[in-house]
file query10.txt (compact mmCIF, C-alpha atoms and all ligand atoms)
# COMPACT_ATOMS: atom_id res chain seq x y z
CA MET A 27 -25.86 46.16 -43.07
CA ILE A 28 -29.53 45.17 -43.23
CA ASN A 29 -29.87 41.39 -43.22
CA ILE A 30 -27.25 39.99 -40.88
CA LEU A 31 -26.69 36.25 -40.78
CA VAL A 32 -25.40 35.34 -37.32
CA THR A 33 -24.11 31.77 -37.18
CA GLY A 34 -23.99 30.00 -33.81
CA GLY A 35 -26.32 32.59 -32.26
CA CYS A 36 -27.68 30.11 -29.68
CA GLY A 37 -24.25 29.62 -28.14
CA PHE A 38 -22.58 31.62 -25.39
CA ILE A 39 -21.06 34.60 -27.25
CA GLY A 40 -23.47 34.50 -30.19
CA SER A 41 -26.54 34.86 -27.97
CA ASN A 42 -24.93 37.68 -25.98
CA PHE A 43 -24.06 39.36 -29.29
CA ILE A 44 -27.63 39.17 -30.68
CA ARG A 45 -28.94 40.55 -27.38
CA HIS A 46 -26.44 43.42 -27.59
CA LEU A 47 -27.10 44.08 -31.28
CA LEU A 48 -30.88 44.24 -31.04
CA LEU A 49 -31.15 45.94 -27.66
CA GLU A 50 -28.19 48.26 -27.39
CA THR A 51 -26.69 49.36 -30.70
CA GLY A 52 -29.48 51.12 -32.59
CA PHE A 53 -29.19 48.54 -35.41
CA ASP A 54 -32.59 48.50 -37.12
CA GLY A 55 -32.20 45.66 -39.65
CA TYR A 56 -32.86 41.94 -39.42
CA VAL A 57 -31.00 39.17 -37.60
CA ILE A 58 -31.13 35.68 -39.07
CA ASN A 59 -29.71 33.29 -36.50
CA VAL A 60 -28.60 29.95 -37.94
CA ASP A 61 -27.61 27.37 -35.35
CA LYS A 62 -27.37 23.60 -35.54
CA LEU A 63 -28.18 23.34 -31.82
CA THR A 64 -25.34 21.07 -30.81
CA TYR A 65 -25.00 20.30 -27.10
CA ALA A 66 -23.68 23.89 -26.73
CA GLY A 67 -26.55 25.62 -28.48
CA ASN A 68 -29.55 26.58 -26.40
CA PRO A 69 -32.47 28.44 -28.03
CA ASN A 70 -33.66 29.36 -24.54
CA ASN A 71 -30.80 31.87 -24.43
CA LEU A 72 -32.91 34.03 -26.77
CA GLU A 73 -36.35 32.66 -25.91
CA ASP A 74 -37.83 36.14 -25.44
CA PHE A 75 -36.53 37.48 -28.77
CA GLU A 76 -39.02 35.75 -31.04
CA ILE A 77 -41.74 37.54 -29.05
CA THR A 78 -39.99 40.92 -28.61
CA PHE A 79 -38.79 41.08 -32.22
CA PRO A 80 -41.24 38.86 -34.14
CA GLU A 81 -40.14 40.22 -37.52
CA ARG A 82 -36.57 41.32 -36.97
CA TYR A 83 -35.29 38.15 -35.26
CA ILE A 84 -35.50 34.89 -37.17
CA PHE A 85 -34.17 31.57 -35.89
CA ILE A 86 -33.35 28.72 -38.23
CA GLN A 87 -32.03 25.38 -37.05
CA ALA A 88 -29.46 24.34 -39.65
CA ASP A 89 -25.90 23.12 -40.03
CA ILE A 90 -23.47 25.60 -41.64
CA CYS A 91 -21.89 22.60 -43.41
CA ASP A 92 -25.17 21.87 -45.23
CA ARG A 93 -24.86 23.71 -48.56
CA GLU A 94 -28.51 23.31 -49.49
CA SER A 95 -29.90 24.78 -46.28
CA MET A 96 -27.37 27.60 -46.26
CA THR A 97 -28.08 28.44 -49.91
CA GLU A 98 -31.75 28.74 -49.03
CA VAL A 99 -30.91 31.05 -46.12
CA PHE A 100 -28.70 33.31 -48.26
CA GLU A 101 -31.33 33.55 -51.00
CA LYS A 102 -34.54 33.74 -48.98
CA TYR A 103 -33.23 36.37 -46.54
CA LYS A 104 -31.00 38.27 -49.00
CA ILE A 105 -28.06 38.08 -46.63
CA ASP A 106 -25.72 41.07 -46.99
CA THR A 107 -23.62 40.59 -43.84
CA VAL A 108 -22.32 37.53 -42.01
CA CYS A 109 -21.14 37.46 -38.40
CA HIS A 110 -19.68 33.98 -37.98
CA PHE A 111 -19.56 32.49 -34.48
CA ALA A 112 -20.62 28.88 -35.16
CA ALA A 113 -17.86 26.50 -34.10
CA GLU A 114 -16.95 23.62 -31.90
CA SER A 115 -15.34 25.66 -29.16
CA HIS A 116 -14.04 23.46 -26.34
CA VAL A 117 -10.34 22.52 -26.33
CA ASP A 118 -10.75 19.39 -24.16
CA ARG A 119 -13.42 17.99 -26.49
CA SER A 120 -11.13 18.62 -29.48
CA ILE A 121 -8.45 16.52 -27.80
CA LEU A 122 -10.92 13.67 -27.21
CA GLY A 123 -12.39 13.82 -30.73
CA PRO A 124 -11.20 16.32 -33.36
CA GLN A 125 -13.54 15.26 -36.21
CA ASP A 126 -16.41 17.70 -35.55
CA PHE A 127 -13.89 20.53 -35.13
CA ILE A 128 -12.44 19.99 -38.57
CA GLN A 129 -15.90 19.62 -40.07
CA THR A 130 -17.62 22.65 -38.55
CA ASN A 131 -14.71 25.02 -38.00
CA ILE A 132 -12.94 24.47 -41.33
CA PHE A 133 -15.45 22.98 -43.75
CA GLY A 134 -18.37 25.00 -42.32
CA THR A 135 -16.42 28.24 -42.70
CA PHE A 136 -15.41 27.28 -46.23
CA ASN A 137 -19.07 26.60 -47.08
CA LEU A 138 -20.13 30.05 -45.89
CA LEU A 139 -17.27 31.71 -47.76
CA GLU A 140 -18.29 29.97 -50.98
CA LEU A 141 -21.83 31.34 -50.57
CA CYS A 142 -20.37 34.81 -49.95
CA ARG A 143 -18.38 34.42 -53.17
CA LEU A 144 -21.56 33.53 -55.06
CA HIS A 145 -23.45 36.47 -53.58
CA ARG A 146 -20.58 38.93 -53.42
CA ASP A 147 -22.49 41.65 -55.29
CA ARG A 148 -24.66 42.32 -52.29
CA LEU A 149 -22.15 41.27 -49.62
CA ASN A 150 -21.19 44.04 -47.23
CA LEU A 151 -19.06 42.07 -44.81
CA PHE A 152 -18.02 38.61 -43.62
CA HIS A 153 -16.88 39.05 -40.02
CA HIS A 154 -15.08 36.04 -38.58
CA ILE A 155 -14.93 35.48 -34.81
CA SER A 156 -11.65 33.87 -33.87
CA THR A 157 -9.44 33.27 -30.91
CA ASP A 158 -6.05 34.22 -29.47
CA GLU A 159 -5.34 30.47 -29.18
CA VAL A 160 -4.29 30.33 -32.85
CA PHE A 161 -0.98 31.94 -31.81
CA GLY A 162 0.02 29.21 -29.34
CA SER A 163 1.80 29.88 -26.06
CA LEU A 164 3.64 33.03 -24.96
CA ASP A 165 6.77 33.52 -22.90
CA GLU A 166 6.66 35.80 -19.90
CA LYS A 167 6.19 39.49 -20.80
CA GLU A 168 5.27 38.81 -24.46
CA PHE A 169 1.85 39.81 -25.89
CA PHE A 170 -0.12 38.58 -28.89
CA SER A 171 -0.58 41.18 -31.60
CA GLU A 172 -2.00 41.16 -35.13
CA ASN A 173 1.54 40.34 -36.36
CA THR A 174 2.19 37.30 -34.14
CA PRO A 175 2.88 34.18 -36.25
CA TYR A 176 0.30 31.39 -36.06
CA ASP A 177 1.39 28.41 -33.93
CA PRO A 178 -1.70 26.49 -32.73
CA SER A 179 -1.31 23.68 -30.17
CA SER A 180 -4.68 21.86 -30.00
CA PRO A 181 -6.96 20.42 -32.70
CA TYR A 182 -9.40 23.21 -31.74
CA SER A 183 -6.90 26.04 -32.24
CA ALA A 184 -5.52 24.40 -35.40
CA SER A 185 -9.04 24.26 -36.84
CA LYS A 186 -9.63 27.91 -35.95
CA ALA A 187 -6.27 28.83 -37.51
CA GLY A 188 -7.35 27.01 -40.69
CA SER A 189 -10.60 28.96 -40.76
CA ASP A 190 -8.78 32.29 -40.21
CA HIS A 191 -6.50 31.57 -43.18
CA LEU A 192 -9.45 30.66 -45.41
CA VAL A 193 -11.28 33.88 -44.50
CA SER A 194 -8.24 36.01 -45.15
CA ALA A 195 -7.50 34.15 -48.44
CA TYR A 196 -11.08 34.73 -49.69
CA GLY A 197 -10.58 38.42 -48.94
CA LYS A 198 -7.32 38.59 -50.90
CA THR A 199 -8.25 36.27 -53.77
CA TYR A 200 -11.91 37.01 -54.42
CA GLY A 201 -12.17 40.52 -52.98
CA ILE A 202 -14.74 39.43 -50.37
CA PRO A 203 -15.01 42.20 -47.74
CA ILE A 204 -13.80 40.47 -44.58
CA THR A 205 -12.72 41.33 -41.05
CA ILE A 206 -11.39 38.99 -38.35
CA SER A 207 -11.27 39.46 -34.59
CA ASN A 208 -9.06 37.25 -32.41
CA CYS A 209 -10.25 37.41 -28.83
CA SER A 210 -9.05 36.11 -25.49
CA ASN A 211 -11.04 34.00 -22.96
CA ASN A 212 -14.61 35.21 -22.50
CA TYR A 213 -16.74 34.75 -19.40
CA GLY A 214 -20.24 35.94 -18.48
CA PRO A 215 -23.92 34.93 -18.65
CA TYR A 216 -25.09 31.91 -20.70
CA GLN A 217 -21.70 30.15 -20.84
CA PHE A 218 -22.01 26.36 -21.00
CA PRO A 219 -20.66 24.86 -17.75
CA GLU A 220 -17.80 22.90 -19.31
CA LYS A 221 -15.50 25.95 -19.41
CA LEU A 222 -13.36 26.95 -16.41
CA VAL A 223 -15.39 29.94 -15.14
CA PRO A 224 -18.95 28.54 -15.21
CA LEU A 225 -17.74 25.08 -14.10
CA THR A 226 -16.00 26.63 -11.09
CA ILE A 227 -19.01 28.78 -10.23
CA LEU A 228 -21.46 25.87 -10.38
CA ASN A 229 -19.22 23.46 -8.45
CA ALA A 230 -18.52 26.12 -5.86
CA ILE A 231 -22.25 26.83 -5.45
CA GLU A 232 -22.96 23.10 -5.05
CA GLY A 233 -19.95 22.33 -2.84
CA LYS A 234 -18.42 19.97 -5.41
CA PRO A 235 -14.66 19.53 -6.12
CA ILE A 236 -13.20 22.19 -8.44
CA PRO A 237 -10.68 20.68 -10.93
CA VAL A 238 -7.59 22.78 -11.70
CA TYR A 239 -5.32 21.37 -14.40
CA GLY A 240 -1.62 20.87 -13.58
CA ASP A 241 -0.29 23.37 -11.04
CA GLY A 242 -2.85 26.09 -11.91
CA LYS A 243 -0.08 28.41 -13.12
CA ASN A 244 -1.30 28.63 -16.73
CA ILE A 245 -2.24 32.18 -17.63
CA ARG A 246 -5.29 33.35 -19.61
CA ASP A 247 -6.46 36.88 -20.48
CA TRP A 248 -10.10 37.23 -19.36
CA LEU A 249 -12.71 39.42 -21.05
CA TYR A 250 -16.33 40.00 -20.00
CA VAL A 251 -18.51 38.78 -22.87
CA LYS A 252 -20.38 42.06 -23.30
CA ASP A 253 -17.09 43.87 -23.88
CA HIS A 254 -16.32 41.33 -26.61
CA CYS A 255 -19.75 41.92 -28.21
CA ARG A 256 -19.12 45.69 -28.23
CA ALA A 257 -15.75 45.10 -29.89
CA ILE A 258 -17.27 42.87 -32.59
CA TRP A 259 -19.91 45.45 -33.49
CA ARG A 260 -17.28 48.22 -33.52
CA VAL A 261 -15.17 46.21 -35.99
CA MET A 262 -18.21 45.38 -38.12
CA GLU A 263 -19.27 49.01 -38.29
CA SER A 264 -15.92 50.75 -38.62
CA GLY A 265 -13.12 48.18 -39.02
CA LYS A 266 -11.02 48.37 -42.14
CA ARG A 267 -12.00 45.62 -44.58
CA GLY A 268 -9.31 42.94 -44.94
CA GLU A 269 -7.94 43.61 -41.43
CA THR A 270 -7.57 41.61 -38.23
CA TYR A 271 -8.17 43.06 -34.75
CA MET A 272 -6.95 41.58 -31.46
CA VAL A 273 -9.42 41.84 -28.57
CA GLY A 274 -8.54 41.24 -24.91
CA GLY A 275 -9.18 42.28 -21.35
CA LYS A 276 -5.71 43.24 -20.05
CA THR A 277 -6.41 40.81 -17.23
CA ASP A 278 -3.90 38.01 -17.66
CA MET A 279 -4.22 35.86 -14.55
CA HIS A 280 -3.07 32.45 -13.32
CA ASN A 281 -5.95 29.95 -13.47
CA ILE A 282 -5.59 29.27 -9.76
CA ASP A 283 -6.16 32.98 -9.00
CA VAL A 284 -9.32 33.00 -11.16
CA VAL A 285 -10.63 29.98 -9.25
CA ARG A 286 -9.71 31.42 -5.84
CA ALA A 287 -11.38 34.75 -6.71
CA ILE A 288 -14.62 32.94 -7.62
CA CYS A 289 -14.52 30.93 -4.38
CA ASP A 290 -13.97 34.05 -2.28
CA ILE A 291 -16.72 36.09 -3.97
CA LEU A 292 -19.17 33.22 -3.55
CA ASP A 293 -18.26 32.96 0.15
CA GLU A 294 -19.09 36.67 0.35
CA PHE A 295 -22.39 36.43 -1.64
CA GLU A 296 -23.74 33.18 -0.17
CA PRO A 297 -23.54 31.77 3.35
CA ALA A 298 -20.42 29.61 3.67
CA LEU A 299 -20.80 25.88 3.07
CA ASN A 300 -20.79 23.54 6.07
CA SER A 301 -17.42 22.31 4.86
CA GLY A 302 -15.91 25.81 5.30
CA PRO A 303 -14.43 28.27 2.79
CA ARG A 304 -14.92 27.22 -0.83
CA ARG A 305 -11.17 27.29 -1.56
CA ALA A 306 -11.08 23.90 0.18
CA LEU A 307 -12.94 22.46 -2.84
CA ILE A 308 -9.97 23.06 -5.18
CA ARG A 309 -8.32 19.87 -6.52
CA PHE A 310 -5.20 19.84 -8.70
CA VAL A 311 -5.78 17.25 -11.43
CA LYS A 312 -3.92 15.77 -14.42
CA ASP A 313 -2.85 18.46 -16.89
CA ARG A 314 -4.40 19.00 -20.33
CA PRO A 315 -2.13 17.58 -23.08
CA GLY A 316 -0.45 20.35 -25.10
CA HIS A 317 -1.64 22.89 -22.50
CA ASP A 318 -0.55 26.39 -23.59
CA LEU A 319 1.18 28.15 -20.71
CA ARG A 320 0.36 31.80 -21.24
CA TYR A 321 -1.98 34.01 -23.30
CA ALA A 322 -2.00 37.81 -23.10
CA VAL A 323 -3.35 40.26 -25.65
CA ASP A 324 -2.10 43.62 -26.86
CA PHE A 325 -5.30 45.30 -28.09
CA SER A 326 -3.75 48.68 -28.94
CA LYS A 327 -4.84 48.49 -32.60
CA ILE A 328 -8.58 48.35 -31.89
CA GLN A 329 -8.09 50.88 -29.10
CA THR A 330 -6.24 53.41 -31.27
CA GLU A 331 -8.08 52.89 -34.56
CA LEU A 332 -11.62 52.20 -33.35
CA GLY A 333 -11.65 53.63 -29.82
CA TRP A 334 -12.61 50.34 -28.11
CA VAL A 335 -11.52 49.49 -24.57
CA PRO A 336 -13.09 47.03 -22.14
CA ASP A 337 -15.58 48.53 -19.66
CA GLU A 338 -15.26 45.80 -17.04
CA THR A 339 -12.35 44.88 -14.81
CA PHE A 340 -12.01 41.20 -13.89
CA ASP A 341 -13.46 41.95 -10.45
CA SER A 342 -16.53 43.82 -11.74
CA GLY A 343 -17.16 41.33 -14.57
CA ILE A 344 -16.78 38.20 -12.46
CA ARG A 345 -19.10 39.61 -9.77
CA LYS A 346 -21.80 40.25 -12.42
CA THR A 347 -21.25 36.75 -13.79
CA ILE A 348 -21.51 35.01 -10.40
CA ARG A 349 -24.63 37.04 -9.60
CA TRP A 350 -26.16 35.97 -12.95
CA TYR A 351 -25.54 32.27 -12.25
CA LEU A 352 -26.98 32.62 -8.74
CA ASP A 353 -30.09 34.36 -10.14
CA ASN A 354 -30.62 31.92 -13.01
CA SER A 355 -30.87 28.52 -11.37
CA GLY A 356 -33.65 27.56 -13.82
CA TRP A 357 -31.31 28.03 -16.79
CA ILE A 358 -28.59 26.02 -15.06
CA LYS A 359 -30.95 23.19 -14.16
CA GLN A 360 -32.20 23.00 -17.71
CA VAL A 361 -28.73 23.07 -19.29
CA LYS A 362 -27.36 20.49 -16.89
CA SER A 363 -30.28 18.09 -17.22
CA GLY A 364 -30.16 18.06 -21.00
CA GLU A 365 -33.88 18.81 -20.74
CA TYR A 366 -33.66 21.48 -23.39
CA MET A 367 -32.96 18.82 -26.02
CA SER A 368 -36.55 17.56 -25.75
CA TRP A 369 -37.71 21.18 -25.60
CA ILE A 370 -35.94 21.77 -28.90
CA LYS A 371 -37.60 18.78 -30.53
CA LYS A 372 -40.99 20.02 -29.36
CA HIS A 373 -40.50 23.61 -30.50
CA TYR A 374 -38.35 23.46 -33.59
CA HIS A 375 -38.56 21.30 -36.67
CA HIS A 376 -35.85 21.54 -39.26
CA ASN A 377 -37.03 24.59 -41.19
P1 LIG B 1 -20.31 27.86 -27.95
O1 LIG B 1 -19.77 26.49 -27.99
O2 LIG B 1 -20.96 28.35 -26.70
O3 LIG B 1 -21.37 28.06 -29.12
C1 LIG B 1 -21.17 27.59 -30.41
C2 LIG B 1 -22.53 27.62 -31.13
O4 LIG B 1 -22.32 27.18 -32.48
C3 LIG B 1 -23.57 26.69 -30.51
O5 LIG B 1 -24.81 27.36 -30.39
C4 LIG B 1 -23.66 25.52 -31.49
O6 LIG B 1 -24.93 24.91 -31.53
C5 LIG B 1 -23.34 26.23 -32.81
N1 LIG B 1 -22.81 25.30 -33.82
C6 LIG B 1 -21.81 24.39 -33.67
N2 LIG B 1 -21.61 23.71 -34.81
C7 LIG B 1 -22.49 24.22 -35.72
C8 LIG B 1 -22.77 23.94 -37.08
N3 LIG B 1 -22.10 22.99 -37.75
N4 LIG B 1 -23.71 24.67 -37.70
C9 LIG B 1 -24.41 25.64 -37.05
N5 LIG B 1 -24.21 25.92 -35.74
C10 LIG B 1 -23.25 25.23 -35.09
O7 LIG B 1 -19.10 28.79 -28.37
P2 LIG B 1 -18.72 30.26 -27.89
O8 LIG B 1 -17.87 30.18 -26.69
O9 LIG B 1 -19.93 31.12 -27.88
O10 LIG B 1 -17.76 30.69 -29.11
C11 LIG B 1 -18.30 31.32 -30.27
C12 LIG B 1 -17.16 31.64 -31.23
O11 LIG B 1 -16.22 32.49 -30.59
C13 LIG B 1 -16.38 30.42 -31.70
O12 LIG B 1 -16.05 30.60 -33.05
C14 LIG B 1 -15.12 30.44 -30.84
O13 LIG B 1 -14.03 29.85 -31.52
C15 LIG B 1 -14.92 31.93 -30.67
N6 LIG B 1 -14.22 32.36 -29.44
C16 LIG B 1 -14.65 31.92 -28.22
C17 LIG B 1 -14.01 32.40 -27.07
C18 LIG B 1 -14.46 31.96 -25.69
O14 LIG B 1 -13.78 32.28 -24.72
N7 LIG B 1 -15.57 31.28 -25.53
C19 LIG B 1 -12.95 33.29 -27.18
C20 LIG B 1 -12.53 33.71 -28.46
C21 LIG B 1 -13.19 33.24 -29.58
O1 LIG B 2 -8.44 31.93 -25.48
C1 LIG B 2 -9.71 31.88 -26.09
C2 LIG B 2 -10.30 30.49 -25.92
O2 LIG B 2 -10.73 30.41 -24.56
C3 LIG B 2 -11.45 30.19 -26.86
O3 LIG B 2 -10.99 30.19 -28.19
C4 LIG B 2 -12.09 28.83 -26.55
O4 LIG B 2 -13.24 28.64 -27.37
C5 LIG B 2 -12.51 28.82 -25.10
O5 LIG B 2 -13.01 27.54 -24.75
C6 LIG B 2 -11.33 29.19 -24.20
O6 LIG B 2 -10.34 28.12 -24.26
P1 LIG B 2 -9.57 27.64 -22.95
O7 LIG B 2 -9.07 26.28 -23.14
O8 LIG B 2 -8.57 28.66 -22.52
O9 LIG B 2 -10.80 27.68 -21.89
P2 LIG B 2 -11.19 26.69 -20.69
O10 LIG B 2 -12.26 27.37 -19.91
O11 LIG B 2 -11.44 25.31 -21.17
O12 LIG B 2 -9.87 26.67 -19.83
C7 LIG B 2 -9.31 27.84 -19.28
C8 LIG B 2 -8.06 27.46 -18.54
O13 LIG B 2 -8.43 26.70 -17.38
C9 LIG B 2 -7.13 26.56 -19.32
O14 LIG B 2 -5.78 26.90 -18.99
C10 LIG B 2 -7.45 25.16 -18.86
C11 LIG B 2 -7.88 25.38 -17.41
N1 LIG B 2 -8.93 24.49 -16.88
C12 LIG B 2 -10.04 24.28 -17.63
C13 LIG B 2 -11.06 23.48 -17.16
C14 LIG B 2 -12.30 23.21 -17.99
C15 LIG B 2 -8.78 23.94 -15.63
O15 LIG B 2 -7.77 24.16 -14.94
N2 LIG B 2 -9.80 23.15 -15.15
C16 LIG B 2 -10.93 22.88 -15.87
O16 LIG B 2 -11.81 22.13 -15.38

call {"tool": "encode", "arguments": {"input": "query10.txt", "output": "structure tokens"}}
result
Amino acid sequence: MINILVTGGCGFIGSNFIRHLLLETGFDGYVINVDKLTYAGNPNNLEDFEITFPERYIFIQADICDRESMTEVFEKYKIDTVCHFAAESHVDRSILGPQDFIQTNIFGTFNLLELCRLHRDRLNLFHHISTDEVFGSLDEKEFFSENTPYDPSSPYSASKAGSDHLVSAYGKTYGIPITISNCSNNYGPYQFPEKLVPLTILNAIEGKPIPVYGDGKNIRDWLYVKDHCRAIWRVMESGKRGETYMVGGKTDMHNIDVVRAICDILDEFEPALNSGPRRALIRFVKDRPGHDLRYAVDFSKIQTELGWVPDETFDSGIRKTIRWYLDNSGWIKQVKSGEYMSWIKKHYHHN
């Protein structure tokens, strides 16, 4: 792997992955980050990288659905590896308007696969980042594994399921070297504050109401983003081509317990609000339609075959995350004000 195309590298997981790859893995090739810079993409997440790695880190603002731009990227940078994060990622937005999800998640993935087919002589790997949500909801005591049948509930998870099937079909039909990882809920630095963890942290810092859907008894399996990035690189380096790997944190928790934990840790880190303990900010609100009840991941395959296990517990990971948000008020202010959109226009032309 020399010239790695990372799609969606200005988003939450993608930017953490590029940081991990260039700073912590010993990888000495080139990273070509292609990101459309939707509302969720923030080039500030990697602002320092164009200075620290002026030759080895290249940012290009482009849409993965645009065949012409992507052809140019594949040819100009002699792409031999793809790590594909770019997606519309928020379930609630997919319920309000599924169009962009179908376009980017399905058509965008198809577009990249077609370019891999064209350039398959030099293609080392197409690694597809996917989600445990493609499997739908679990009963008590069940776990998702690589053999769980697909049963997506939301337009988001259906579009990710579609993309998974395309990736696996291109592997089987055209012999493209592919791997897929299906991961549980990530949290950590640089996550856009529409998702449960950063939204709760920011509202709890500011003393605003914290919305919990339904009765708060839905269960998610939480993984610190850096552990996910380590898993992705492990699969890319040593995973068997054509295979899928489940990735999770072994931390399946009720949403209400996640929210309460964040409130309590913030009460400990920061002087209490005038209104009292932050748990008082919790509000139970109307449930999400089609809300999956429970996710939990059995990651024994990646553990046994590739020796990956998470480093962080939920307590250690969430403490690091809360600390990061408290220490990065500038990033929060910028993301929340939408100010970085004008910053983008000033700094980046379509290249
Ligand atoms: P994100 O929304 O934070 O980032 C997505 C990035 O993709 C943004 O930078 C955005 O600008 C870019 N993008 C969107 N459409 C694009 C297009 N058409 N062309 C080029 N770039 C485009 O998402 P995230 O949470 O970092 O998720 C990254 C990937 O990981 C997604 O594929 C998601 O399905 C998957 N995933 C996420 C989680 C999670 O908990 N966040 C868990 C498992 C899997
Ligand atoms: O499981 C992996 C998936 O995790 C990823 O594929 C998605 O890209 C990612 O967004 C995430 O999806 P979720 O829907 O699980 O994440 P979200 O943070 O939106 O919600 C987590 C849980 O919290 C879910 O049960 C809904 C609930 N929730 C969410 C929000 C935003 C609330 O109770 N209140 C909220 O305000």

call {"tool": "atom_distance", "arguments": {"input": "query10.txt", "atom1": "CA of Cys36 (chain A)", "atom2": "CA of Asp61 (chain A)"}}
result
6.3 Å

call {"tool": "closest_residue", "arguments": {"input": "query10.txt", "among": "A:Ala257, A:Leu192, A:Leu138, A:Ile202", "to": "Arg93 (chain A)", "atoms": "only C-alpha atoms"}}
result
A:Leu138

call {"tool": "residues_near_ligand", "arguments": {"input": "query10.txt", "ligand": "ligand LIG 1 (chain B)", "cutoff": "6 Å", "atoms": "all atoms listed in the file", "output": "PyMOL selection string"}}
result
chain A and resi 34-40+61-64+66-67+88-91+111-115+130+155-157+209-212

call {"tool": "closest_residue", "arguments": {"input": "query10.txt", "among": "A:Tyr196, A:Phe295, A:Tyr250, A:Tyr182", "to": "ligand LIG 2 (chain B)", "atoms": "only C-alpha atoms and all ligand atoms"}}
result
A:Tyr182

call {"tool": "residues_near_ligand", "arguments": {"input": "query10.txt", "ligand": "ligand LIG 2 (chain B)", "cutoff": "9 Å", "atoms": "only C-alpha atoms and all ligand atoms", "output": "VMD selection string"}}
result
chain A and resid 113 to 118 156 to 160 182 to 183 186 208 to 213 219 to 226 236 to 248 280 to 282 284 to 285 310 to 311 313 to 314 317 to 321

call {"tool": "atom_distance", "arguments": {"input": "query10.txt", "atom1": "CA of Gly55 (chain A)", "atom2": "CA of Arg82 (chain A)"}}
result
6.7 Å

call {"tool": "closest_residue", "arguments": {"input": "query10.txt", "among": "A:Arg304, A:Lys312, A:Arg267, A:Lys327", "to": "Ile291 (chain A)", "atoms": "all atoms listed in the file"}}
result
A:Arg304

call {"tool": "closest_residue", "arguments": {"input": "query10.txt", "among": "A:Arg260, A:Lys252, A:Lys198, A:His110", "to": "Gly275 (chain A)", "atoms": "all atoms listed in the file"}}
result
A:Lys252

call {"tool": "residues_around", "arguments": {"input": "query10.txt", "residues": "Thr347 (chain A)", "least_positions_apart": "3", "cutoff": "12 Å", "atoms": "only C-alpha atoms", "output": "list in words"}}
result
Asn212, Tyr213, Gly214, Pro215, Tyr216, Gln217, Val223, Pro224, Thr226, Ile227, Leu228, Leu249, Tyr250, Val251, Lys252, Ile288, Ile291, Leu292, Glu338, Phe340, Asp341, Ser342, Gly343, Ile344, Trp350, Tyr351, Leu352, Asp353 and Asn354 of chain A

call {"tool": "write_last_selection", "arguments": {"input": "query10.txt", "atoms": "C-alpha atoms", "output": "CSV table (one decimal), in the frame of the given file"}}
result
chain,number,residue,atom,x,y,z
A,212,ASN,CA,-14.6,35.2,-22.5
A,213,TYR,CA,-16.7,34.8,-19.4
A,214,GLY,CA,-20.2,35.9,-18.5
A,215,PRO,CA,-23.9,34.9,-18.6
A,216,TYR,CA,-25.1,31.9,-20.7
A,217,GLN,CA,-21.7,30.2,-20.8
A,223,VAL,CA,-15.4,29.9,-15.1
A,224,PRO,CA,-19.0,28.5,-15.2
A,226,THR,CA,-16.0,26.6,-11.1
A,227,ILE,CA,-19.0,28.8,-10.2
A,228,LEU,CA,-21.5,25.9,-10.4
A,249,LEU,CA,-12.7,39.4,-21.0
A,250,TYR,CA,-16.3,40.0,-20.0
A,251,VAL,CA,-18.5,38.8,-22.9
A,252,LYS,CA,-20.4,42.1,-23.3
A,288,ILE,CA,-14.6,32.9,-7.6
A,291,ILE,CA,-16.7,36.1,-4.0
A,292,LEU,CA,-19.2,33.2,-3.6
A,338,GLU,CA,-15.3,45.8,-17.0
A,340,PHE,CA,-12.0,41.2,-13.9
A,341,ASP,CA,-13.5,42.0,-10.4
A,342,SER,CA,-16.5,43.8,-11.7
A,343,GLY,CA,-17.2,41.3,-14.6
A,344,ILE,CA,-16.8,38.2,-12.5
A,350,TRP,CA,-26.2,36.0,-13.0
A,351,TYR,CA,-25.5,32.3,-12.2
A,352,LEU,CA,-27.0,32.6,-8.7
A,353,ASP,CA,-30.1,34.4,-10.1
A,354,ASN,CA,-30.6,31.9,-13.0

call {"tool": "atom_distance", "arguments": {"input": "query10.txt", "atom1": "CA of Ser326 (chain A)", "atom2": "CA of Met272 (chain A)"}}
result
8.2 Å

call {"tool": "closest_residue", "arguments": {"input": "query10.txt", "among": "A:Trp357, A:Trp259, A:Phe218, A:Phe169", "to": "Glu50 (chain A)", "atoms": "all atoms listed in the file"}}
result
A:Trp259

call {"tool": "closest_residue", "arguments": {"input": "query10.txt", "among": "A:Thr97, A:Gln129, A:Thr33, A:Ser163", "to": "Tyr176 (chain A)", "atoms": "only C-alpha atoms"}}
result
A:Ser163

call {"tool": "closest_atom_pairs", "arguments": {"input": "query10.txt", "of": "region 194-269 of chain A", "to": "region 149-153 of chain A", "cutoff": "6 Å", "atoms": "only C-alpha atoms", "output": "CSV"}}
result
residue,atom,partner,partner_atom,distance
A:Pro203,CA,A:Leu151,CA,5.0
A:Ile204,CA,A:Phe152,CA,4.7
A:Thr205,CA,A:His153,CA,4.9
A:Ile206,CA,A:His153,CA,5.7
